>>> print(open('work39.txt').read())   # compact mmCIF, C-alpha atoms
# COMPACT_ATOMS: atom_id res chain seq x y z
CA MET A 131 0.00 0.00 0.00
CA ASN A 132 1.06 3.58 -0.54
CA GLU A 133 1.27 6.23 2.19
CA ARG A 134 -2.22 7.51 1.45
CA GLU A 135 -3.74 4.06 1.91
CA TRP A 136 -1.94 3.58 5.23
CA ALA A 137 -3.14 7.00 6.35
CA ASP A 138 -6.70 6.12 5.35
CA LEU A 139 -6.64 2.99 7.53
CA ILE A 140 -5.28 4.96 10.50
CA GLU A 141 -8.08 7.51 10.06
CA ILE A 142 -10.78 4.85 9.81
CA ALA A 143 -9.51 3.17 12.98
CA ARG A 144 -9.60 6.54 14.76
CA GLN A 145 -13.18 7.10 13.66
CA ILE A 146 -14.17 3.59 14.75
CA ARG A 147 -12.72 4.26 18.21
CA ILE A 148 -14.76 7.46 18.41
CA MET A 149 -17.91 5.53 17.47
CA ILE A 150 -17.15 2.95 20.15
CA ILE A 151 -16.88 5.58 22.87
CA GLN A 152 -19.98 7.44 21.68
CA MET A 153 -22.27 4.43 21.47
CA ILE A 154 -21.18 2.90 24.79
CA SER A 155 -21.50 6.28 26.51
CA ARG A 156 -25.03 6.78 25.14
CA ALA A 157 -26.03 3.29 26.22
CA ALA A 158 -24.34 3.75 29.62
CA SER A 159 -23.41 0.10 29.21
CA GLY A 160 -20.91 -1.96 27.24
CA HIS A 161 -17.32 -3.10 26.93
CA PRO A 162 -14.96 -0.35 25.77
CA GLY A 163 -11.58 -1.89 26.65
CA GLY A 164 -11.66 -4.94 24.41
CA SER A 165 -13.49 -3.08 21.64
CA LEU A 166 -10.75 -0.46 21.49
CA SER A 167 -7.96 -3.05 21.59
CA ALA A 168 -9.39 -4.84 18.55
CA ALA A 169 -10.13 -1.73 16.48
CA ASP A 170 -7.04 -1.91 14.25
CA ILE A 171 -7.49 -5.61 13.47
CA VAL A 172 -11.17 -5.15 12.62
CA THR A 173 -10.41 -2.04 10.57
CA TYR A 174 -7.88 -3.87 8.41
CA LEU A 175 -10.16 -6.85 7.88
CA TYR A 176 -13.25 -4.83 6.94
CA PHE A 177 -11.61 -2.08 4.92
CA ARG A 178 -8.72 -3.88 3.26
CA GLU A 179 -8.84 -7.66 3.44
CA MET A 180 -12.29 -9.19 3.36
CA ASN A 181 -14.37 -9.82 0.25
CA ILE A 182 -17.76 -8.45 1.39
CA ASP A 183 -20.59 -6.44 -0.13
CA PRO A 184 -22.74 -4.12 2.03
CA HIS A 185 -25.42 -4.23 -0.69
CA ASP A 186 -25.56 -8.04 -0.59
CA PRO A 187 -24.60 -9.13 2.95
CA GLY A 188 -25.56 -12.76 2.36
CA ARG A 189 -23.66 -13.28 -0.87
CA PRO A 190 -22.58 -16.96 -0.94
CA ASP A 191 -18.97 -16.28 -1.95
CA ARG A 192 -18.38 -13.60 0.72
CA ASP A 193 -15.73 -13.92 3.38
CA ARG A 194 -17.12 -14.58 6.85
CA PHE A 195 -16.22 -12.94 10.18
CA VAL A 196 -16.94 -14.40 13.61
CA LEU A 197 -16.52 -12.16 16.64
CA SER A 198 -16.01 -14.92 19.17
CA LYS A 199 -15.46 -12.37 21.98
CA GLY A 200 -19.00 -11.16 21.39
CA HIS A 201 -18.99 -8.59 24.21
CA ALA A 202 -16.73 -6.47 21.94
CA ALA A 203 -19.74 -5.99 19.64
CA PRO A 204 -19.27 -2.17 19.52
CA VAL A 205 -16.13 -2.52 17.38
CA LEU A 206 -17.99 -4.78 14.95
CA TYR A 207 -21.04 -2.51 14.80
CA ALA A 208 -18.85 0.54 14.19
CA ALA A 209 -17.04 -1.20 11.32
CA LEU A 210 -20.29 -2.42 9.77
CA ALA A 211 -21.84 1.06 9.95
CA LYS A 212 -18.71 2.69 8.54
CA ARG A 213 -18.59 0.09 5.76
CA GLY A 214 -22.21 0.80 4.80
CA PHE A 215 -24.12 -2.24 6.04
CA PHE A 216 -26.56 -0.02 7.94
CA PRO A 217 -26.95 3.72 8.70
CA PRO A 218 -24.51 5.10 11.30
CA GLU A 219 -27.48 6.61 13.16
CA LEU A 220 -28.41 3.09 14.25
CA LEU A 221 -25.35 3.09 16.51
CA ASP A 222 -27.26 5.47 18.80
CA THR A 223 -29.59 2.58 19.69
CA LEU A 224 -26.94 0.23 21.12
CA ARG A 225 -28.41 -2.03 23.82
CA GLN A 226 -31.84 -0.41 23.66
CA ALA A 227 -34.96 -2.58 23.77
CA GLY A 228 -36.02 -3.47 20.25
CA SER A 229 -32.74 -2.37 18.67
CA SER A 230 -30.95 -4.62 16.20
CA LEU A 231 -27.69 -3.72 17.96
CA GLN A 232 -27.76 -5.63 21.20
CA GLY A 233 -24.91 -6.22 23.63
CA HIS A 234 -23.77 -9.25 21.65
CA PRO A 235 -24.04 -9.76 17.87
CA HIS A 236 -27.13 -11.51 16.49
CA ARG A 237 -26.99 -12.98 13.00
CA LEU A 238 -30.74 -12.67 12.39
CA TYR A 239 -31.06 -9.07 13.53
CA THR A 240 -28.04 -7.22 12.15
CA PRO A 241 -26.97 -6.93 8.48
CA GLY A 242 -23.38 -8.11 8.02
CA VAL A 243 -23.23 -10.26 11.16
CA ASP A 244 -22.33 -13.84 10.24
CA ALA A 245 -22.59 -15.46 13.69
CA SER A 246 -24.50 -14.88 16.92
CA THR A 247 -21.90 -14.89 19.67
CA GLY A 248 -21.47 -14.00 23.31
CA SER A 249 -21.11 -17.27 25.20
CA LEU A 250 -17.33 -17.29 25.36
CA GLY A 251 -15.39 -20.08 23.68
CA GLN A 252 -17.94 -20.97 21.04
CA GLY A 253 -17.00 -18.66 18.18
CA LEU A 254 -13.94 -20.56 17.00
CA SER A 255 -16.05 -23.71 16.73
CA MET A 256 -18.52 -21.80 14.56
CA ALA A 257 -15.73 -20.43 12.41
CA SER A 258 -14.20 -23.88 12.01
CA GLY A 259 -17.56 -25.30 10.98
CA MET A 260 -18.03 -22.53 8.44
CA ALA A 261 -14.58 -23.11 6.99
CA LEU A 262 -15.12 -26.86 6.74
CA GLY A 263 -18.56 -26.37 5.20
CA LEU A 264 -17.22 -24.01 2.56
CA ARG A 265 -14.59 -26.57 1.59
CA LEU A 266 -17.09 -29.44 1.44
CA ARG A 267 -19.42 -27.76 -1.05
CA PRO A 268 -19.73 -29.52 -4.45
CA ALA A 269 -17.45 -26.81 -5.80
CA ALA A 270 -15.13 -25.57 -3.07
CA SER A 271 -15.87 -21.94 -2.31
CA PRO A 272 -13.16 -19.27 -2.52
CA ALA A 273 -14.64 -17.69 0.62
CA ARG A 274 -12.50 -17.48 3.72
CA VAL A 275 -13.40 -17.33 7.40
CA PHE A 276 -11.90 -14.91 9.90
CA ALA A 277 -12.39 -15.14 13.65
CA LEU A 278 -11.44 -12.86 16.51
CA ILE A 279 -11.02 -14.51 19.91
CA GLY A 280 -10.08 -13.07 23.28
CA ASP A 281 -7.25 -14.02 25.60
CA GLY A 282 -9.47 -14.50 28.65
CA GLU A 283 -11.79 -16.44 26.38
CA SER A 284 -8.88 -18.72 25.48
CA GLN A 285 -9.11 -20.22 28.96
CA GLU A 286 -12.26 -21.98 27.72
CA GLY A 287 -11.82 -25.62 26.80
CA GLN A 288 -13.95 -25.32 23.68
CA ILE A 289 -11.35 -23.02 22.12
CA TRP A 290 -8.88 -25.89 22.20
CA GLU A 291 -11.40 -28.43 20.92
CA ALA A 292 -11.94 -26.13 17.94
CA ALA A 293 -8.19 -25.68 17.57
CA MET A 294 -7.77 -29.45 17.36
CA THR A 295 -10.62 -29.82 14.86
CA ALA A 296 -9.35 -27.08 12.55
CA GLY A 297 -5.81 -28.42 12.67
CA PHE A 298 -6.93 -31.98 12.02
CA HIS A 299 -8.96 -30.94 8.97
CA LYS A 300 -6.18 -28.62 7.73
CA LEU A 301 -8.58 -25.70 7.35
CA SER A 302 -6.28 -23.38 5.45
CA ASN A 303 -9.27 -21.13 4.65
CA LEU A 304 -9.53 -20.19 8.35
CA CYS A 305 -7.62 -17.33 9.98
CA ALA A 306 -8.08 -16.51 13.66
CA PHE A 307 -6.78 -13.46 15.47
CA LEU A 308 -6.13 -13.59 19.20
CA ASP A 309 -6.65 -10.16 20.80
CA TYR A 310 -3.92 -10.60 23.40
CA ASN A 311 -4.22 -7.57 25.70
CA ASP A 312 -3.58 -9.66 28.86
CA LEU A 313 -6.61 -8.30 30.74
CA GLN A 314 -9.91 -9.98 31.49
CA ILE A 315 -12.73 -8.89 33.77
CA ASP A 316 -11.00 -10.14 36.95
CA GLY A 317 -7.48 -8.90 36.22
CA ARG A 318 -4.38 -10.04 34.35
CA VAL A 319 -4.85 -13.10 32.18
CA SER A 320 -1.33 -14.17 33.11
CA ASP A 321 -2.29 -14.08 36.81
CA ILE A 322 -5.67 -15.80 36.54
CA LYS A 323 -4.82 -18.66 34.18
CA ASP A 324 -1.69 -18.10 32.14
CA LEU A 325 -1.97 -19.05 28.47
CA ARG A 326 1.71 -19.31 27.74
CA PRO A 327 3.47 -20.77 25.83
CA LEU A 328 0.91 -19.69 23.26
CA ARG A 329 2.87 -20.17 20.04
CA ASP A 330 3.87 -23.69 21.05
CA LYS A 331 0.29 -24.61 21.94
CA TRP A 332 -1.23 -23.46 18.66
CA GLN A 333 1.57 -25.02 16.64
CA SER A 334 1.04 -28.32 18.45
CA PHE A 335 -2.58 -28.29 17.27
CA GLY A 336 -1.42 -27.96 13.67
CA TRP A 337 -1.78 -24.20 13.10
CA ARG A 338 0.52 -21.79 11.29
CA VAL A 339 1.30 -19.13 13.89
CA HIS A 340 2.31 -15.48 13.52
CA GLU A 341 3.01 -13.15 16.45
CA ILE A 342 2.53 -9.46 15.77
CA ASP A 343 1.84 -6.03 17.21
CA GLY A 344 -1.94 -5.86 16.82
CA HIS A 345 -1.86 -2.08 16.37
CA ASP A 346 0.65 -2.15 13.50
CA PHE A 347 -1.14 -2.22 10.15
CA ALA A 348 2.02 -3.32 8.34
CA ALA A 349 2.33 -6.31 10.68
CA ILE A 350 -1.34 -7.19 10.22
CA ALA A 351 -0.89 -6.94 6.45
CA SER A 352 2.16 -9.20 6.54
CA ALA A 353 0.37 -11.90 8.56
CA LEU A 354 -2.59 -11.84 6.19
CA ALA A 355 -0.32 -12.00 3.14
CA ALA A 356 1.13 -15.21 4.57
CA PHE A 357 -2.38 -16.52 5.25
CA ARG A 358 -3.35 -15.99 1.61
CA LEU A 359 -0.47 -18.24 0.56
CA GLU A 360 -1.19 -20.95 3.14
CA ARG A 361 -2.45 -24.25 1.73
CA GLU A 362 -1.91 -26.77 4.53
CA LYS A 363 -2.89 -25.30 7.90
CA PRO A 364 -5.27 -22.89 9.61
CA THR A 365 -3.63 -19.62 10.60
CA MET A 366 -3.42 -18.14 14.09
CA VAL A 367 -2.31 -14.51 14.48
CA ILE A 368 -1.35 -13.77 18.08
CA ALA A 369 -1.83 -10.01 18.20
CA ARG A 370 -0.31 -8.18 21.14
CA THR A 371 -2.66 -5.32 21.92
CA VAL A 372 -3.39 -2.72 24.59
CA LYS A 373 -6.71 -2.84 26.40
CA GLY A 374 -8.47 0.49 25.85
CA LYS A 375 -6.03 1.51 23.10
CA GLY A 376 -6.27 5.17 22.14
CA VAL A 377 -7.74 6.53 25.38
CA SER A 378 -5.07 7.22 28.00
CA PHE A 379 -7.08 6.47 31.15
CA MET A 380 -8.56 3.30 29.65
CA GLU A 381 -5.28 1.84 28.44
CA ASN A 382 -4.27 -1.22 30.50
CA ASN A 383 -7.08 -0.39 32.93
CA VAL A 384 -9.11 -3.49 33.81
CA ASN A 385 -11.93 -1.32 35.19
CA PHE A 386 -12.90 -0.47 31.62
CA HIS A 387 -13.31 -4.07 30.55
CA GLY A 388 -17.07 -3.73 30.98
CA GLN A 389 -17.64 -0.23 32.33
CA ALA A 390 -19.08 2.64 30.30
CA PRO A 391 -17.42 6.04 30.65
CA ASN A 392 -19.32 8.77 32.46
CA ALA A 393 -19.94 12.17 30.85
CA ARG A 394 -16.62 13.65 31.95
CA GLU A 395 -14.66 10.58 30.88
CA THR A 396 -16.48 10.50 27.55
CA ALA A 397 -15.54 14.11 26.84
CA THR A 398 -11.90 13.42 27.69
CA ALA A 399 -11.81 10.25 25.58
CA LEU A 400 -13.33 11.98 22.56
CA GLU A 401 -10.90 14.87 22.90
CA GLU A 402 -7.93 12.49 23.00
CA LEU A 403 -9.26 10.71 19.90
CA GLY A 404 -9.54 14.01 18.05
CA HIS A 405 -13.31 14.08 17.74
CA GLY A 406 -14.47 17.18 15.89
CA ARG A 407 -11.12 18.01 14.34
>>> encode(input="work39.txt", output="structure tokens")
Amino acid sequence: MNEREWADLIEIARQIRIMIIQMISRAASGHPGGSLSAADIVTYLYFREMNIDPHDPGRPDRDRFVLSKGHAAPVLYAALAKRGFFPPELLDTLRQAGSSLQGHPHRLYTPGVDASTGSLGQGLSMASGMALGLRLRPAASPARVFALIGDGESQEGQIWEAAMTAGFHKLSNLCAFLDYNDLQIDGRVSDIKDLRPLRDKWQSFGWRVHEIDGHDFAAIASALAAFRLEREKPTMVIARTVKGKGVSFMENNVNFHGQAPNARETATALEELGHGR
């Protein structure tokens, strides 16, 4: 990509972070920390990598995305609105009764959502099933499946059952990102149930593993370029991220795992993100 394209991605990610803060603040409920940490990964997937069409969300040959850490729905909703799947004004209804934008994504309610998620650990199984199903069609589909899982979520046993299944079936059309910010609702992931050695674990299940800075678009691009060439294994991208990335008082602050900012905090966050400039 040229400098303008890199700059465009940085700007989109900034706008998505602003949307996250605004919608969670209006709802007075939600999960800002893990939404902000995943914003760069989701931005790259939705605005550079994935083959999707906002005018035909159910197109059979589309790429699929599964937000396994479903509580980070605000980052997905912001990307979908920015990409044109539904009007941005709908973001104002987050978590309201009757809204199509509930606290966790719902496939039947929200255009562009490929999987209903929220019960932690299940999304990678869904993504693996999608990838296997696409390959088993009479004519193998060119569609790919992307999943985003959490680090606290990776303490769930079902994550590793899915890892074994995908590795066994050599699902090279599956790419999972691990949002590794090392914070879950109760504290440090490394203190509660340490995941390490992560690379060794995923490799032992038959995955191709890349470790990157999850806020570096060039690193994300490089990992996905390798994924496009992969023919034998599913791909795991261990993305080191910062909880609450982009808002100083939320960064590495476990209190903002599932806590909405108050009016003063919202104003500060939006100012730091350059809202209105």
>>> atom_distance(input="work39.txt", atom1="CA of Gln226 in chain A", atom2="CA of Gly160 in chain A")
11.6 Å
>>> atom_distance(input="work39.txt", atom1="CA of His345 in chain A", atom2="CA of Glu360 in chain A")
23.1 Å
>>> atom_distance(input="work39.txt", atom1="CA of His387 in chain A", atom2="CA of Leu166 in chain A")
10.1 Å
>>> closest_residue(input="work39.txt", among="A:Ala369, A:Ile140, A:Ala245, A:Ile150", to="Asn311 in chain A", atoms="only C-alpha atoms")
A:Ala369
>>> residues_near_point(input="work39.txt", point="(-5.4, -5.4, 22.3)", cutoff="10 Å", atoms="only C-alpha atoms", output="PyMOL selection string")
chain A and resi 163-171+280-281+308-313+343-345+369-375+381-382
>>> residues_around(input="work39.txt", residues="range 286-296 of chain A", least_positions_apart="6", cutoff="7 Å", atoms="all atoms listed in the file", output="list in words")
Gly251, Gln252, Leu254, Ser255, Ser258, Phe335 and Pro364 of chain A
>>> closest_residue(input="work39.txt", among="A:Ala306, A:Ala211, A:Leu175, A:Leu231", to="Leu139 in chain A", atoms="all atoms listed in the file")
A:Leu175
>>> residues_near_point(input="work39.txt", point="(-3.9, 12.1, 19.3)", cutoff="12 Å", atoms="all atoms listed in the file", output="list in words")
Ile140, Glu141, Arg144, Gln145, Arg147, Ile148, Lys375, Gly376, Val377, Ser378, Thr398, Ala399, Leu400, Glu401, Glu402, Leu403, Gly404, His405 and Arg407 of chain A
